[in-house]
Structure formats: structure tokens, C-alpha cells
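*Asks:* This is the structure I have questions about; it appears just below.
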Amino acid sequence: MFFAPKTRVCAFAAALSCVVFSGLEAQDAPQPRVFNTIVVDGNKRFTAQDIVATTGLQTGVLIGEPELMAAVESLQFTGEFEEVVITSANTTLIIQVEEEPVYSGGLTFGVGYDTDDGVFGTVGVSINNAFDKGVAIDGRIRAAEQSQSLTFSVQSENFWAQGRPGGVRFAVENYDYDNTTYDYTFASIEPFVTFMTSERSLVELRYTLAWKDVYGINSLASPIIFAERGDELLSGLGFSYVIVSSAKPDALSPSAWTLRFDQDFTGLGGDAAYSDSRLTLNARQKLTPSGFAVRTTVEFGASLGLGSDNPRVSERFSLGGANLRGFERSTISPRDICLGCAPGGGNLVTILGGNYYAVARTDLLVPIFKQQPQLETFAFFDVGSVWDVQTNTPPAGLLDDGADIRMSYGIGTSFDTGLGKFEAYLALGTEGEVFDERQEFGVSFRAQF
């Protein structure tokens with residue numbers, strides 16, 4: 001058994017004399033004793049309860065040299081402590097620790113391409129145990145031709161008080177997609193606190209202050225979009241509930257799932273009152289020992305106005321692209337269809353977004369290349385719909401907001417090249433509506449340095 005030169009065990013020594021362990025050598029082995037109290041000194045990032053639990057030491061039982069050696073070894077094995085000193089005062093056992101000033105993380109850069117956003121670049125920064133206080137800092141800038149975003153978060157296990165985890169999130173996003181008739185900017189600040197309700201579940205409570213602006217309206221857009229232009233300030237409360245299939249995920253487990261429910265309400269002194277609800281289930285089931293498996297994601301969402309307010313296009317939902325394969329990004333949506341209204345007698349079709357959506361994406365993993373675990377092949381089947389538009393503004397033509405089901409199926413692959421991850425799919429068939437925009441092939445590549 002090896003102990004670092006700085007490790008000292010002095011639990012049974014008189015005055016300031018102690019047993020010093022260096023390498024494999026020990027002197028003056030202490031005699032077993034019973035202690036009524038165990039205290040921890042010098043800890044900052046870790047609670048006393050966690051440190052005592054790691055040592056395995058208990059009050060009311062006989063503690064001798066083997067138990068002390070095992071306690072020291074357990075703490076040293078974590079790699080979180082520079083020095084561990086165990087002393088005693090009468091019937092009190094004192095564990096004095098000096099924590100390692102660990103600052104992990106760093107700066108990352110990424111580039112990539114996907115059929116939703118085109119070429120994009122990212123810059124990220126992450127710091128763990130910032131300020132030697134166990135604070136985690138994460139930030140990312142992502143820039144593409146049609147979208148840009150900046151996200152930043154600060155959180156820790158003791159952010160609000162000792163033993164009360166939480167933090168603050170910041171976000172700024174801008175979207176100017178060429179297949180929509182408006183541009184959209186969003187900024188928010190969101191303090192939050194989390195509670196572990198069991199080994200497998202947690203609850204997050206949050207307050208959100210957000211500013212949203214709908215601008216750059218195309219002159220041929222639906223009057224519904226024109227009625228929703230401008231900026232608004234939203235203030236509200238929300239919560240999330242997350243439950244997982246296992247408190248200790250195992251990669252070899254035949255099945256695993258995560259269920260998440262998010263609920264947000266605005267209207268606390270802001271410009272509008274909305275309710276936004278989302279339910280997400282992610283699941284994976286192993287079918288055979290040879291590697292056949294099924295993974296699926298099921299989502300439901302509802303964005304509703306409270307009182308006389310109606311959600312704007314910035315609050316409503318759409319599908320397509322990666323979240324409903326086989327269709328162009330964000331084109332599966334309620335629409336204002338004005339036949340013959342375009343210059344030259346063409347049709348005007350404005351994507352509005354819907355107040356409700358439901359989608360299920362399912363992959364059947366097929367182990368064609370068993371000797372290449374970084375290469376994954378699958379067949380997919382997607383089904384989804386977006387429906388209903390709450391508005392007081394008449395459309396220019398026909399308001400098509402029924403719950404029409406769209407379906408697609410095809411094949412896909414993902415390959416981790418070491419430099420980055422490549423993913424692609426081919427939609428072999430789609431079933432949709434007349435004005436749906438198909439996307440038979442989707443591809444993405446992400447490299448991080």
C-alpha cells in the first residue's frame with residue numbers, strides 16, 4: 001500500500017506527535033479506539049458528509065490502523081486532495097484535508113457543415129472548479145451564415161448556499177433563415193436552482209427574463225406575421241422535471257431511457273403572458289447480443305396564450321431538417337396559402353409555425369461493420385405534425401393549420417473519424433402535403449480542436 005509523502009495519520013498520537021507514512025514505512029502503530037464524533041476541516045469544494053462517506057469511517061465502532069489506512073487511501077484515490085491529516089482530540093476524530101486546486105477545461109475550436117445551417121464555426125470555453133470554489137463556467141459562440149448564437153453559464157453545487165446547487169444561464173441568438181419571411185433575435189438571462197428528488201430524478205426551478213424581436217418582415221409575408229412584428233419583454237417562472245432509468249448508467253445495459261418535462265409561464269410584468277410546455281422521451285433498447293438495437297426520441301409541445309395574448313411566430317413550433325428527416329428545415333408548419341397572390345400570378349405560402357407539435361424519430365441500429373465500432377449504420381422512420389395557430393389576424397388566403405401527419409423513412413450512418421463526427425441520412429420515401437418542401441439527403445460534419 002503506497003501513501004503520498006504528504007499523507008499523515010496522527011489519530012492516536014499524543015500532543016503533536018504523529019505517525020508519518022512515506023512510501024511503505026510506518027512507525028508507532030496506533031491501538032484501536034472508538035470515536036463518538038468525526039469532523040472535517042479544510043474542505044471547500046466538498047461537503048464534510050461526502051468526505052466522511054468516502055473514508056468509510058463510522059462513529060461508535062472500533063477504528064484501528066487498517067481502517068485509517070483505508071480511509072486515507074480512499075481520499076487519495078479521488079485525486080482531489082493534496083494532503084490528508086487524521087488526528088484525534090479525546091473521542092473526536094479529525095480529518096484535515098487540503099484540496100487540490102484543480103482547474104480543468106480549456107478553449108476549443110470547431111468547424112462543420114450541415115444541411116440545416118450550412119458552414120459554421122464554434123469557439124468554446126470551459127473551466128471546472130473556477131476560483132477554487134467548484135464553480136463550472138461554460139461558454140460557446142456559434143456562427144453560421146443564417147444563424148448566430150452566444151451561450152454562457154455559471155453553476156456549482158453550492159451556488160446559492162451550502163449544498164444548494166444552481167447557477168445562471170445567459171443566451172443571445174439571431175436567426176435570418178432564407179426560407180422564412182422574417183428575422184428573429186433573442187436574448188435572455190436565467191437564474192436557476194436544482195433539487196435532487198431521488199437518485200434517479202431532479203427538479204430545476206428557474207426565472208427567465210427574455211427579450212425577443214421579430215423584424216425584417218418580407219413585404220409578401222402573411223398579415224399574421226406583420227401583426228406579430230416588433231420586440232417584447234417576457235418575464236416568467238418555469239420548472240423542469242427529469243427522470244432517468246438508472247442512477248448509474250451502464251453502457252452494457254440492454255435498455256436506458258430519459259424522460260424530461262419543461263414548463264414555463266411568462267407574464268410577470270412583461271409585455272405578454274404565455275405558457276410553454278414540452279415533454280421529451282429518449283430511449284434505447286438492445287435487441288440482440290450481436291448489436292441490433294432501437295433508439296427513439298418522442299417529443300410533444302404546446303405554446304399557448306394566457307388571457308388575451310397569443311403566442312407570436314417566435315414562440316410557435318415547426319419541424320423539418322434534423323428533427324423530421326426527409327423535409328426541409330422548419331417547413332413543416334401551419335401556413336397561410338394565398339393562391340395567385342404572388343407577382344405574376346404565383347402562389348404565396350408563408351410559414352407561420354404552430355401552437356402544438358408532436359414528433360417521433362426512431363432508428364433501428366444495424367451492426368453491418370462489427371469490427372468498426374466507430375461506424376454506425378441504421379434505418380430510420382420519422383413521423384410528426386405541427387398544428388393550430390392562435391391569432392386574431394385574418395390570413396391573406398387559406399389558413400392551413402390542421403394536424404396533418406408527415407412520415408419519412410430511410411437509411412443513415414454516422415462515423416467518428418477521430419478528427420470529427422460525420423453523419424448522413426438518405427430519405428427513401430416521404431408522405432406529406434402539397435406545399436411541403438422535401439429534403440432527401442441530409443449531412444453534417446463536426447470537428448473540434
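Labels used: A, B, ... for chains in the order of the C-alpha cells, numbers from 1 for residues in each chain, and numbers from 1 for ligands as shown.
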Mind checking which residues fall within 6 Å of stretch 221-235 of chain A, counting only C-alpha atoms, ignoring those fewer than 2 positions away in the same chain, and posting them as a list in words?

*Replies:*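 Listing them by chain and then by number gives Thr181, Thr208, Leu209, Ala210, Trp211, Lys212, Asp213, Val214, Tyr215, Asn218, Ser219, Thr266, Gly267, Leu268, Gly270, Asp271, Arg312, Thr350, Thr393 and Ala396 of chain A.
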
*Asks:* Which one is closest to A:Gly429: A:Tyr409, A:Tyr207, A:Phe369, A:Tyr175? Count only C-alpha atoms.

*Replies:*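 Checking each of A:Tyr409, A:Tyr207, A:Phe369, A:Tyr175 against A:Gly429, counting only C-alpha atoms, the winner is A:Tyr409.
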
*Asks:* Using atom CA of A:Asp336 and atom CA of A:Asp388 as the two end points, give the distance in Å to one decimal.

*Replies:*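 Between atom CA of A:Asp336 and atom CA of A:Asp388 the gap is 11.8 Å.
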
*Asks:* From a backbone DSSP assignment, name each residue in stretch 22-197 of chain A labelled strand (DSSP E or B), as a ChimeraX atom specification.

*Replies:* /A:22-23,25,33-34,37-41,62-63,81-89,92-99,104-114,118-130,135-144,147-161,164-175,183-197

*Asks:* Mind checking which residues fall within 6 Å of stretch 397-404 of chain A, counting only C-alpha atoms, ignoring those fewer than 2 positions away in the same chain, and posting them as a ChimeraX atom specification?

*Replies:* /A:334-338,385,387-388,395

*Asks:* Keeping only N, CA and C atoms, write those residues as a PDB file, in the first residue's frame.

*Replies:*
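Full text of selection.pdb as output:
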```
ATOM      1  N   PRO A 334     -47.996  25.025 -39.900  1.00  0.00           N
ATOM      2  CA  PRO A 334     -49.166  25.699 -40.455  1.00  0.00           C
ATOM      3  C   PRO A 334     -48.727  26.820 -41.396  1.00  0.00           C
ATOM      4  N   ARG A 335     -49.573  27.091 -42.427  1.00  0.00           N
ATOM      5  CA  ARG A 335     -49.188  28.053 -43.451  1.00  0.00           C
ATOM      6  C   ARG A 335     -50.381  28.923 -43.852  1.00  0.00           C
ATOM      7  N   ASP A 336     -50.065  30.117 -44.284  1.00  0.00           N
ATOM      8  CA  ASP A 336     -51.035  30.997 -44.940  1.00  0.00           C
ATOM      9  C   ASP A 336     -50.805  30.820 -46.447  1.00  0.00           C
ATOM     10  N   ILE A 337     -51.783  30.201 -47.138  1.00  0.00           N
ATOM     11  CA  ILE A 337     -51.642  29.888 -48.561  1.00  0.00           C
ATOM     12  C   ILE A 337     -52.562  30.802 -49.365  1.00  0.00           C
ATOM     13  N   CYS A 338     -51.958  31.692 -50.124  1.00  0.00           N
ATOM     14  CA  CYS A 338     -52.726  32.629 -50.944  1.00  0.00           C
ATOM     15  C   CYS A 338     -52.476  32.285 -52.419  1.00  0.00           C
ATOM     16  N   SER A 385     -46.144  16.070 -36.700  1.00  0.00           N
ATOM     17  CA  SER A 385     -47.117  17.039 -37.161  1.00  0.00           C
ATOM     18  C   SER A 385     -47.005  18.309 -36.326  1.00  0.00           C
ATOM     19  N   TRP A 387     -49.540  21.862 -35.656  1.00  0.00           N
ATOM     20  CA  TRP A 387     -50.889  22.325 -35.982  1.00  0.00           C
ATOM     21  C   TRP A 387     -51.343  23.488 -35.091  1.00  0.00           C
ATOM     22  N   ASP A 388     -52.394  24.159 -35.567  1.00  0.00           N
ATOM     23  CA  ASP A 388     -53.109  25.219 -34.872  1.00  0.00           C
ATOM     24  C   ASP A 388     -52.288  26.522 -34.820  1.00  0.00           C
ATOM     25  N   PRO A 395     -55.901  35.654 -42.283  1.00  0.00           N
ATOM     26  CA  PRO A 395     -54.821  35.343 -43.230  1.00  0.00           C
ATOM     27  C   PRO A 395     -55.073  36.004 -44.576  1.00  0.00           C
TER      28      PRO A 395
END
```

*Asks:* Rounded to one decimal, what separation in Å do you get between atom CA of A:Leu304 and atom CA of A:Asn355?

*Replies:* 6.4 Å

*Asks:* Name the residues in contact with stretch 61-68 of chain A at a cut-off of 6 Å, using only C-alpha atoms, excluding same-chain residues fewer than 4 positions from it; report them as a ChimeraX atom specification.

*Replies:* /A:32-34

*Asks:* Contacts of A:Phe327 at 7 Å or less, counting only C-alpha atoms, minus same-chain residues fewer than 3 places along, as a list in words?

*Replies:*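 So the residues in contact are Gly320, Gly321, Leu324, Glu437, Arg438 and Gln439 of chain A.
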
*Asks:* The selected residues should be written to file as a PDB file, in the first residue's frame (atoms: N, CA and C atoms).

*Replies:*
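Listed below is the output, part-v2.pdb:
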```pdb
ATOM      1  N   GLY A 320     -38.845  19.714 -39.418  1.00  0.00           N
ATOM      2  CA  GLY A 320     -38.104  19.542 -40.655  1.00  0.00           C
ATOM      3  C   GLY A 320     -36.611  19.562 -40.384  1.00  0.00           C
ATOM      4  N   GLY A 321     -35.834  19.133 -41.341  1.00  0.00           N
ATOM      5  CA  GLY A 321     -34.394  19.042 -41.123  1.00  0.00           C
ATOM      6  C   GLY A 321     -34.074  17.872 -40.202  1.00  0.00           C
ATOM      7  N   LEU A 324     -37.173  16.232 -38.246  1.00  0.00           N
ATOM      8  CA  LEU A 324     -38.120  15.421 -39.020  1.00  0.00           C
ATOM      9  C   LEU A 324     -37.477  15.197 -40.381  1.00  0.00           C
ATOM     10  N   GLU A 437     -41.840  20.982 -48.430  1.00  0.00           N
ATOM     11  CA  GLU A 437     -40.564  21.000 -49.137  1.00  0.00           C
ATOM     12  C   GLU A 437     -39.736  19.801 -48.688  1.00  0.00           C
ATOM     13  N   ARG A 438     -39.435  18.913 -49.624  1.00  0.00           N
ATOM     14  CA  ARG A 438     -38.694  17.691 -49.301  1.00  0.00           C
ATOM     15  C   ARG A 438     -37.190  17.943 -49.250  1.00  0.00           C
ATOM     16  N   GLN A 439     -36.509  17.112 -48.469  1.00  0.00           N
ATOM     17  CA  GLN A 439     -35.041  17.114 -48.413  1.00  0.00           C
ATOM     18  C   GLN A 439     -34.605  15.661 -48.309  1.00  0.00           C
TER      19      GLN A 439
END
```

*Asks:* As an exercise, work out the distance from atom CA of A:Asn174 to atom CA of A:Val386 in Å and give it to one decimal place.

*Replies:* 23.0 Å
